[in-house]
Amino acid sequence: MSTSETTPEQTAGDRTRPVEKLDRVVIRFAGDSGDGMQLTGDRFTSETAAFGNDLATLPNFPAEIRAPQGTIPGVSSFQVHFADYDILTPGDRPDVLVVMNPAALKANIGDLPHGGTIIANTDEFTKRNLAKVGYETNPLDDGSLEPYQVHKVAMSTLTRGAVEQVGLGKKDAERAKNMFALGLLSWMYHRPTEGTEKFLRTKFARKPDIAEANILAFRAGWNYGETTEAFSVTYDVAPAKLPPGQYRQITGNTALAYGIVAAGQRSGLPVVLGSYPITPASDILHELSKHKAFDVTTIQAEDEIAGIGAALGASYGGALGVTSTSGPGVALKSETIGLAVMTELPLIVIDVQRGGPSTGLPTKTEQADLLQALYGRNGESPVPVVAPRSPGDCFDMALEAARIALTYRTPVILLSDGAIANGSEPWLIPDADKLPDLRVQFASEPNAMDGSNEFWPYVRDTETLAREWAVPGTAGLEHRIGGLEKADNRGNISYDPDNHDRMVRLRQAKIDGIKVPDVEVDDPTGDARVLALGWGSSFGPIGAACRRVRSSGMKIAQAHLQYLNPLPANLGTVLESYDVVIVPEMNLGQLATVLRARYLVDIRSYTKVAGLPFKAAELAEVFTDVINDSEPSADGSDAHVLTEAVE
Amino acid sequence: MTAIDLGLPKIGGLDGVPTTDETYKAKDFKSDQEVRWCPGCGDYIVLNTMQAFLPSLGVKRENIVFVSGIGCSSRFPYYMNTYGFHSIHGRAPAIATGLAVARPDLSVFVITGDGDALSIGGNHLIHALRRNVNVKILLFNNRIYGLTKGQYSPTSEEGKITKSTPMGSLDHPFNPISLALGAEATFVARALDSDKKGLSEVLTAATQHRGSAFVEIYQNCPIFNDGAFDVLKDKDESARRIVPLRPGEPITFGSENEYAVVRGEFGFDIAKVADIDASSIVTHDPTIQDPSYAFALSRIGGQDLSHTPVGIFRQVSRTTYDDAARAQIESARKTQEPDLQALLTGNDTWTVA
């Protein structure tokens, strides 16, 4: 939390309280998984978006729906970072930690820097709850939290009092305590409140007394800040100067779903999603199932294989077939992806990556499915792979996946991950009419190269090498396709050795020839010797780390890959232009392996597979070390990265 | 959760598929590909029957699609001059589901075998049947794995000696008809490859049925399981083993119709007509909604083919998955304009100047 100035100032209402101006703040709400922390964080984010700050969020929750109450495994948290400038990450460490119980404190205190603020619900710090997580004495009273600013608030009691008039039972009344916390934080940071009250009335429209209780608790939290002397200052984070336009808040999964709807609209094709529920991809199925009016059909299949099977069957029939899953699901779908490679039909496979292998860490993030996406099939089975770099970018990359699938008649794998799937950011709302034109031409005429009146399903477009898309129902083009090797052009079954060699190479050449944009390099001074190269959701932390490094006077270039197969045509030249290329990945160096093999360049790989996004500070240190290693300063001393810097 | 009556009209299996005045002949449905099944394979008879039967449908050839999995029978689509998709092992019902949902104007057949449908693809089969997707699933049951050269299949009899079971198979087999009825399939029938007339009748009814139609076809594999169904083809044996199911008629069989199906303690029993009162003979009614009736019929014979009902076990009407999915799309479109800009914008925006 960096401070720019403090002035006593008259603000909303008759409140006179010093207002401290901040450029950015990171708040983490933490509680039991039944405490509604995700909702609380979501609402604070919406208020913050409405206020006009730039923001990024990081939800973090257990895989268990309700882990034992009050235990460390049951802790759920939501971190939101907001600022008066464009930010790139949800923040490394919180400035303010809201803890609803001792487990939340214990699980999160390690991330709070000294001097940080703790707001604790004292009612839950009972002997029993303390014992559950191994506190022998109450940390709120025993002096162990001395390095922090601690605000002790009896949130449950105060909430109960506030909602008394509604006449709920004790348990139901106390459930609104998350709204009390939200109200208090909303007051501290001058967040607008109308949106939350409106939201609560809509959400609980069928249970008016629950709506009323939540609103009363929310207001009570606000009033508690305003009327008690416990909080001596409030904070002001001015709206950010983002590119002009109309904005909304969006998560990666929602953006992906919208991208698929848009792809259907822009191609003029019906969309058929075949999917099986799996964390963290299920929200894509949920979202798309709401948009039937856009000719989007969703099939909740009996398993992952049936999901992609239905999608491929729909593509064969001339629809845009889509399947959404996570890593374990991709493993099951592999054979069908191979069938789509062989039959050269358009198909979009969305993999929202999570911790692996096997069931792994269902609710945590990782980017370790890259090699699975590139190579995880039998035979020579090339598949284009794209990866969005932020929640909003999921929209654009979904459209790109559709463009590639439809133009080149191929399955395309889109690699999102848990961090951007559930994370959110402000999104400059695109103009629907200016989205790419994805219209396709189905085959309508015989195309035999010998001039006969036949249709040969494997005749290729000379430029894209795509075969024609001849959908059932087209007279005169009756033909058979399948997983067996096909004769070049004619498409009949062929076991001919030369033909197989030719077809393997043709399929590869088609994917290699897909047009993708060049990778852009961000190198403000133009003479950096070190390039930080990443892919997928680590764009934010890598970018933030580069800013830190640069603000301490060092030079570093940044590039980020959204296209993993084929790689951008200029990538080889870019890699050769730098003395050192450092590639941070949330895996054991999968992109690094690909780049070394492909370009014969030395790649410095930095890896961490902790189920959480990189921290900007951590990467800044890594980058600084790399820079120091590559160009020792004249006096022999190493430069050091600023720890409190822009991000 | 309340059930929504979609108010769908009761329609036939081919409604929505474009018809033609052109008179097709069997040869119009033969592709230019050489048929490569083993000499004497039962698949030839089924293929010929299919090619001879399709012209009677009166629908456009280009609107017929055969989807198959893997196995000898799954080569079927290559030999049909229609659209065809030879997919991967066990997955044809899933692919056909997507196709049927996307395209109401197609007549979709799934060609599968006992290994393809009941082993690797068992899950897709039962789910397609319970959903009642408007596809016709023809299961060629030869009780053996042919393409992989002779291992036992999920319909092979217990104790069967095969390449993979030199001391005899340990598996208890599926009764495919019982399985389909357990999944509450709305149309379930059995036919013999050698009975061209019976097979054609069953195929006609299956095609006219709106919803999933499951047809088990006993098919001889002359190489790895030759003669598996010979007792049903033998003149002397077949009459007392085959139990013809004729809607509206008492179920009797035997060369002199001397046997009958009667109600037993839990299901049905076989009795000699001479020993019983005629009123106790079961009159066949495939339209009985409760699948227990057809299930009981499917249990009267064992794996030894001692009694084998042939014909249509069940034929009931239930909303199909694909019609219902399309109805939801239509209903959504009636109440909501597909406005992409409005969707992208949402309800909660702010403007940066």
# chains A, B, ... in the order shown; residues from 1 in each chain; ligands from 1
>>> residues_around(residues="segment 405-410 of chain A", least_positions_apart="2", cutoff="7 Å", atoms="only C-alpha atoms", output="ChimeraX atom specification")
/A:340-341,344-348,401-403,412,464,466-467
>>> interface_residues(of="chain A", to="chain B", cutoff="8 Å", atoms="only C-alpha atoms", output="MDAnalysis selection string")
chainID A and resid 49:52 241:249 258 262 265 270 272 274 292:297 302 305:307 309:319 335:336 339 429:432 472:483
>>> closest_residue(among="A:Leu269, A:Val385, A:Ala281, A:Ile299", to="Ala324 of chain B", atoms="only C-alpha atoms")
A:Ile299
>>> select_by_dssp(residues="segment 210-451 of chain A", states="strand (DSSP E or B)", output="number ranges by chain")
A: 234-237, 245-251, 271-275, 296-300, 320-325, 347-353, 355, 361, 385-386, 411-417, 424-428
>>> write_last_selection(atoms="C-alpha atoms", output="mmCIF file, in the first residue's frame")
data_model
loop_
_atom_site.group_PDB
_atom_site.id
_atom_site.type_symbol
_atom_site.label_atom_id
_atom_site.label_comp_id
_atom_site.auth_asym_id
_atom_site.auth_seq_id
_atom_site.Cartn_x
_atom_site.Cartn_y
_atom_site.Cartn_z
ATOM 1 C CA THR A 234 -10.394 6.231 5.417
ATOM 2 C CA TYR A 235 -8.701 5.706 2.112
ATOM 3 C CA ASP A 236 -9.177 7.072 -1.328
ATOM 4 C CA VAL A 237 -7.957 5.331 -4.454
ATOM 5 C CA GLY A 245 -14.594 3.474 -23.571
ATOM 6 C CA GLN A 246 -17.284 1.495 -21.842
ATOM 7 C CA TYR A 247 -16.065 -1.109 -19.370
ATOM 8 C CA ARG A 248 -17.423 -4.025 -17.420
ATOM 9 C CA GLN A 249 -15.873 -6.515 -15.082
ATOM 10 C CA ILE A 250 -15.331 -9.987 -16.517
ATOM 11 C CA THR A 251 -13.885 -13.344 -15.459
ATOM 12 C CA VAL A 271 -22.867 -23.673 -31.602
ATOM 13 C CA VAL A 272 -23.013 -27.103 -29.984
ATOM 14 C CA LEU A 273 -21.121 -27.486 -26.724
ATOM 15 C CA GLY A 274 -20.629 -31.042 -25.499
ATOM 16 C CA SER A 275 -19.244 -30.959 -21.991
ATOM 17 C CA VAL A 296 -26.173 -22.298 -28.651
ATOM 18 C CA THR A 297 -27.015 -25.873 -27.664
ATOM 19 C CA THR A 298 -25.322 -27.318 -24.608
ATOM 20 C CA ILE A 299 -25.203 -31.040 -24.027
ATOM 21 C CA GLN A 300 -24.171 -32.158 -20.563
ATOM 22 C CA LEU A 320 -19.369 -25.080 -34.513
ATOM 23 C CA GLY A 321 -18.556 -27.931 -32.136
ATOM 24 C CA VAL A 322 -16.994 -26.993 -28.813
ATOM 25 C CA THR A 323 -15.990 -28.968 -25.747
ATOM 26 C CA SER A 324 -14.812 -27.510 -22.437
ATOM 27 C CA THR A 325 -12.826 -29.299 -19.770
ATOM 28 C CA LEU A 347 -13.547 -28.275 -33.283
ATOM 29 C CA ILE A 348 -12.660 -26.152 -30.277
ATOM 30 C CA VAL A 349 -11.285 -27.885 -27.191
ATOM 31 C CA ILE A 350 -11.085 -25.643 -24.131
ATOM 32 C CA ASP A 351 -8.710 -26.798 -21.399
ATOM 33 C CA VAL A 352 -8.928 -24.725 -18.236
ATOM 34 C CA GLN A 353 -5.756 -26.059 -16.678
ATOM 35 C CA GLY A 355 -2.898 -28.604 -10.803
ATOM 36 C CA LEU A 361 -5.301 -29.725 -7.308
ATOM 37 C CA VAL A 385 -2.774 -24.400 -29.519
ATOM 38 C CA VAL A 386 -3.645 -20.916 -28.314
ATOM 39 C CA PRO A 411 -9.372 -29.146 -33.812
ATOM 40 C CA VAL A 412 -7.857 -26.268 -31.812
ATOM 41 C CA ILE A 413 -6.901 -26.471 -28.155
ATOM 42 C CA LEU A 414 -7.337 -23.346 -26.071
ATOM 43 C CA LEU A 415 -5.322 -23.391 -22.844
ATOM 44 C CA SER A 416 -6.784 -21.219 -20.137
ATOM 45 C CA ASP A 417 -6.064 -21.861 -16.460
ATOM 46 C CA SER A 424 -11.532 -10.959 -13.129
ATOM 47 C CA GLU A 425 -10.516 -7.608 -14.560
ATOM 48 C CA PRO A 426 -12.107 -4.571 -16.164
ATOM 49 C CA TRP A 427 -12.865 -5.283 -19.796
ATOM 50 C CA LEU A 428 -13.194 -2.703 -22.528
#
>>> residues_around(residues="segment 276-280 of chain A", least_positions_apart="6", cutoff="6 Å", atoms="only C-alpha atoms", output="JSON, numbers by chain")
{"A": [300, 301, 303, 304, 362]}
>>> closest_atom_pairs(of="segment 48-155 of chain B", to="segment 183-198 of chain B", cutoff="12 Å", atoms="only C-alpha atoms", output="CSV")
residue,atom,partner,partner_atom,distance
B:Asn48,CA,B:Lys196,CA,9.0
B:Thr49,CA,B:Lys196,CA,6.2
B:Met50,CA,B:Lys196,CA,9.4
B:Gln51,CA,B:Lys196,CA,11.6
B:Ala52,CA,B:Lys196,CA,9.9
B:Phe53,CA,B:Lys196,CA,9.8
B:Gly122,CA,B:Ala183,CA,11.1
B:Asn123,CA,B:Ala183,CA,10.5
B:His124,CA,B:Ala183,CA,11.2
B:Leu125,CA,B:Ala183,CA,9.0
B:Ile126,CA,B:Ala183,CA,5.6
B:His127,CA,B:Ala183,CA,7.5
B:Ala128,CA,B:Ala185,CA,8.7
B:Leu129,CA,B:Ala185,CA,4.9
B:Arg130,CA,B:Ala183,CA,5.3
B:Arg131,CA,B:Ala185,CA,8.4
B:Asn132,CA,B:Ala185,CA,6.8
B:Val133,CA,B:Ala185,CA,9.8
B:Asn134,CA,B:Thr186,CA,10.3
B:Val135,CA,B:Phe187,CA,10.7
B:Lys136,CA,B:Phe187,CA,9.2
B:Ile137,CA,B:Val188,CA,9.7
B:Leu138,CA,B:Arg190,CA,9.6
B:Leu139,CA,B:Arg190,CA,9.4
B:Phe140,CA,B:Asp193,CA,8.7
B:Asn141,CA,B:Leu192,CA,9.6
B:Asn142,CA,B:Asp193,CA,10.1
>>> write_last_selection(atoms="C-alpha atoms", output="mmCIF file, in the first residue's frame")
data_model
loop_
_atom_site.group_PDB
_atom_site.id
_atom_site.type_symbol
_atom_site.label_atom_id
_atom_site.label_comp_id
_atom_site.auth_asym_id
_atom_site.auth_seq_id
_atom_site.Cartn_x
_atom_site.Cartn_y
_atom_site.Cartn_z
ATOM 1 C CA ASN B 48 -27.731 -56.125 -48.759
ATOM 2 C CA THR B 49 -30.904 -55.950 -46.712
ATOM 3 C CA MET B 50 -30.151 -52.354 -45.774
ATOM 4 C CA GLN B 51 -29.440 -51.344 -49.362
ATOM 5 C CA ALA B 52 -32.617 -53.003 -50.502
ATOM 6 C CA PHE B 53 -34.666 -51.502 -47.696
ATOM 7 C CA GLY B 122 -21.380 -49.323 -23.078
ATOM 8 C CA ASN B 123 -21.724 -46.000 -21.366
ATOM 9 C CA HIS B 124 -22.585 -44.065 -24.524
ATOM 10 C CA LEU B 125 -25.096 -46.710 -25.563
ATOM 11 C CA ILE B 126 -27.155 -46.614 -22.386
ATOM 12 C CA HIS B 127 -27.092 -42.818 -22.234
ATOM 13 C CA ALA B 128 -28.168 -42.412 -25.851
ATOM 14 C CA LEU B 129 -31.031 -44.802 -25.126
ATOM 15 C CA ARG B 130 -32.162 -43.122 -21.922
ATOM 16 C CA ARG B 131 -32.032 -39.704 -23.599
ATOM 17 C CA ASN B 132 -34.040 -41.097 -26.485
ATOM 18 C CA VAL B 133 -31.972 -39.391 -29.161
ATOM 19 C CA ASN B 134 -33.531 -39.848 -32.577
ATOM 20 C CA VAL B 135 -30.913 -42.295 -33.914
ATOM 21 C CA LYS B 136 -31.260 -45.906 -35.026
ATOM 22 C CA ILE B 137 -28.705 -48.136 -33.342
ATOM 23 C CA LEU B 138 -28.087 -51.435 -35.096
ATOM 24 C CA LEU B 139 -25.999 -53.778 -32.981
ATOM 25 C CA PHE B 140 -24.475 -56.635 -34.964
ATOM 26 C CA ASN B 141 -24.054 -59.308 -32.321
ATOM 27 C CA ASN B 142 -21.714 -62.144 -33.302
#
>>> select_by_dssp(residues="segment 285-374 of chain A", states="helix (DSSP H, G or I)", output="ChimeraX atom specification")
/A:285-288,292-294,304-316,327-343,370-374
>>> atom_distance(atom1="atom CA of Ala103 of chain A", atom2="atom CA of Gly169 of chain A")
25.1 Å
>>> atom_distance(atom1="atom CA of Ala419 of chain A", atom2="atom CA of Ala63 of chain A")
14.6 Å
>>> residues_around(residues="Leu216 of chain A", least_positions_apart="5", cutoff="10 Å", atoms="only C-alpha atoms", output="PDB file with N, CA and C atoms, in the first residue's frame")
ATOM      1  N   THR A 159     -23.765  -8.017  13.770  1.00  0.00           N
ATOM      2  CA  THR A 159     -24.679  -8.391  12.681  1.00  0.00           C
ATOM      3  C   THR A 159     -26.012  -8.862  13.263  1.00  0.00           C
ATOM      4  N   ARG A 160     -25.900  -9.690  14.314  1.00  0.00           N
ATOM      5  CA  ARG A 160     -27.118 -10.192  14.945  1.00  0.00           C
ATOM      6  C   ARG A 160     -27.986  -9.037  15.419  1.00  0.00           C
ATOM      7  N   GLY A 161     -27.341  -8.069  16.053  1.00  0.00           N
ATOM      8  CA  GLY A 161     -28.076  -6.901  16.548  1.00  0.00           C
ATOM      9  C   GLY A 161     -28.729  -6.130  15.414  1.00  0.00           C
ATOM     10  N   ALA A 162     -27.989  -5.987  14.342  1.00  0.00           N
ATOM     11  CA  ALA A 162     -28.476  -5.170  13.233  1.00  0.00           C
ATOM     12  C   ALA A 162     -29.675  -5.784  12.544  1.00  0.00           C
ATOM     13  N   VAL A 163     -29.726  -7.120  12.509  1.00  0.00           N
ATOM     14  CA  VAL A 163     -30.798  -7.757  11.738  1.00  0.00           C
ATOM     15  C   VAL A 163     -31.924  -8.265  12.647  1.00  0.00           C
ATOM     16  N   GLU A 164     -31.830  -7.918  13.914  1.00  0.00           N
ATOM     17  CA  GLU A 164     -32.800  -8.415  14.894  1.00  0.00           C
ATOM     18  C   GLU A 164     -34.243  -8.208  14.443  1.00  0.00           C
ATOM     19  N   GLN A 165     -34.492  -7.007  13.885  1.00  0.00           N
ATOM     20  CA  GLN A 165     -35.862  -6.645  13.516  1.00  0.00           C
ATOM     21  C   GLN A 165     -36.479  -7.575  12.474  1.00  0.00           C
ATOM     22  N   VAL A 166     -35.611  -8.292  11.714  1.00  0.00           N
ATOM     23  CA  VAL A 166     -36.145  -9.175  10.676  1.00  0.00           C
ATOM     24  C   VAL A 166     -36.716 -10.449  11.299  1.00  0.00           C
ATOM     25  N   ALA A 176     -25.245 -13.343   7.809  1.00  0.00           N
ATOM     26  CA  ALA A 176     -25.094 -12.081   7.069  1.00  0.00           C
ATOM     27  C   ALA A 176     -23.814 -11.340   7.456  1.00  0.00           C
ATOM     28  N   MET A 179     -21.620  -9.673   4.918  1.00  0.00           N
ATOM     29  CA  MET A 179     -22.081  -8.388   4.383  1.00  0.00           C
ATOM     30  C   MET A 179     -21.710  -7.243   5.337  1.00  0.00           C
ATOM     31  N   PHE A 180     -21.651  -7.573   6.634  1.00  0.00           N
ATOM     32  CA  PHE A 180     -21.166  -6.576   7.596  1.00  0.00           C
ATOM     33  C   PHE A 180     -19.715  -6.218   7.247  1.00  0.00           C
ATOM     34  N   GLY A 183     -19.614  -4.137   4.197  1.00  0.00           N
ATOM     35  CA  GLY A 183     -20.039  -2.768   4.469  1.00  0.00           C
ATOM     36  C   GLY A 183     -18.917  -1.957   5.097  1.00  0.00           C
ATOM     37  N   GLU A 197     -26.615  -3.247  -2.812  1.00  0.00           N
ATOM     38  CA  GLU A 197     -27.980  -3.354  -2.292  1.00  0.00           C
ATOM     39  C   GLU A 197     -28.928  -3.887  -3.377  1.00  0.00           C
ATOM     40  N   ILE A 210     -34.363 -12.562   4.020  1.00  0.00           N
ATOM     41  CA  ILE A 210     -32.914 -12.776   3.918  1.00  0.00           C
ATOM     42  C   ILE A 210     -32.267 -11.573   3.218  1.00  0.00           C
ATOM     43  N   ALA A 211     -32.927 -11.077   2.172  1.00  0.00           N
ATOM     44  CA  ALA A 211     -32.422  -9.889   1.479  1.00  0.00           C
ATOM     45  C   ALA A 211     -32.315  -8.733   2.459  1.00  0.00           C
ATOM     46  N   GLY A 221     -22.334  -2.513   8.811  1.00  0.00           N
ATOM     47  CA  GLY A 221     -20.881  -2.497   8.663  1.00  0.00           C
ATOM     48  C   GLY A 221     -20.386  -1.112   8.292  1.00  0.00           C
ATOM     49  N   TRP A 222     -21.072  -0.506   7.347  1.00  0.00           N
ATOM     50  CA  TRP A 222     -20.722   0.856   6.903  1.00  0.00           C
ATOM     51  C   TRP A 222     -20.825   1.821   8.096  1.00  0.00           C
TER      52      TRP A 222
END
>>> residues_around(residues="Glu158 of chain B", least_positions_apart="5", cutoff="9 Å", atoms="only C-alpha atoms", output="PyMOL selection string")
chain B and resi 168-173+303
>>> write_last_selection(atoms="N, CA and C atoms", output="short mmCIF file (atom, residue, chain, number, x, y, z; two decimals), in the first residue's frame")
data_model
loop_
_atom_site.label_atom_id
_atom_site.label_comp_id
_atom_site.auth_asym_id
_atom_site.auth_seq_id
_atom_site.Cartn_x
_atom_site.Cartn_y
_atom_site.Cartn_z
N GLY B 168 -11.24 -70.88 -20.64
CA GLY B 168 -12.65 -70.54 -20.60
C GLY B 168 -12.87 -69.14 -20.05
N SER B 169 -13.82 -68.44 -20.66
CA SER B 169 -14.13 -67.08 -20.22
C SER B 169 -14.81 -67.09 -18.85
N LEU B 170 -14.46 -66.12 -18.02
CA LEU B 170 -15.05 -66.03 -16.68
C LEU B 170 -16.24 -65.08 -16.65
N ASP B 171 -16.40 -64.32 -17.75
CA ASP B 171 -17.39 -63.24 -17.74
C ASP B 171 -18.81 -63.77 -17.92
N HIS B 172 -19.70 -63.21 -17.13
CA HIS B 172 -21.12 -63.45 -17.37
C HIS B 172 -21.56 -62.48 -18.47
N PRO B 173 -22.23 -62.96 -19.49
CA PRO B 173 -22.55 -62.08 -20.63
C PRO B 173 -23.73 -61.15 -20.38
N GLN B 303 -28.80 -67.64 -22.65
CA GLN B 303 -27.66 -67.50 -23.54
C GLN B 303 -27.57 -68.71 -24.48
#
>>> atom_distance(atom1="atom CA of Lys272 of chain B", atom2="atom CA of Leu305 of chain B")
18.2 Å
>>> residues_around(residues="Val261 of chain B", least_positions_apart="4", cutoff="7 Å", atoms="only C-alpha atoms", output="list in words")
Ile251, Thr252, Phe268, Asp269, Ile270, Ala271, Ile281 and Val282 of chain B
>>> residues_around(residues="Glu468 of chain A", least_positions_apart="4", cutoff="8 Å", atoms="only C-alpha atoms", output="PyMOL selection string")
chain A and resi 442-443+457-461
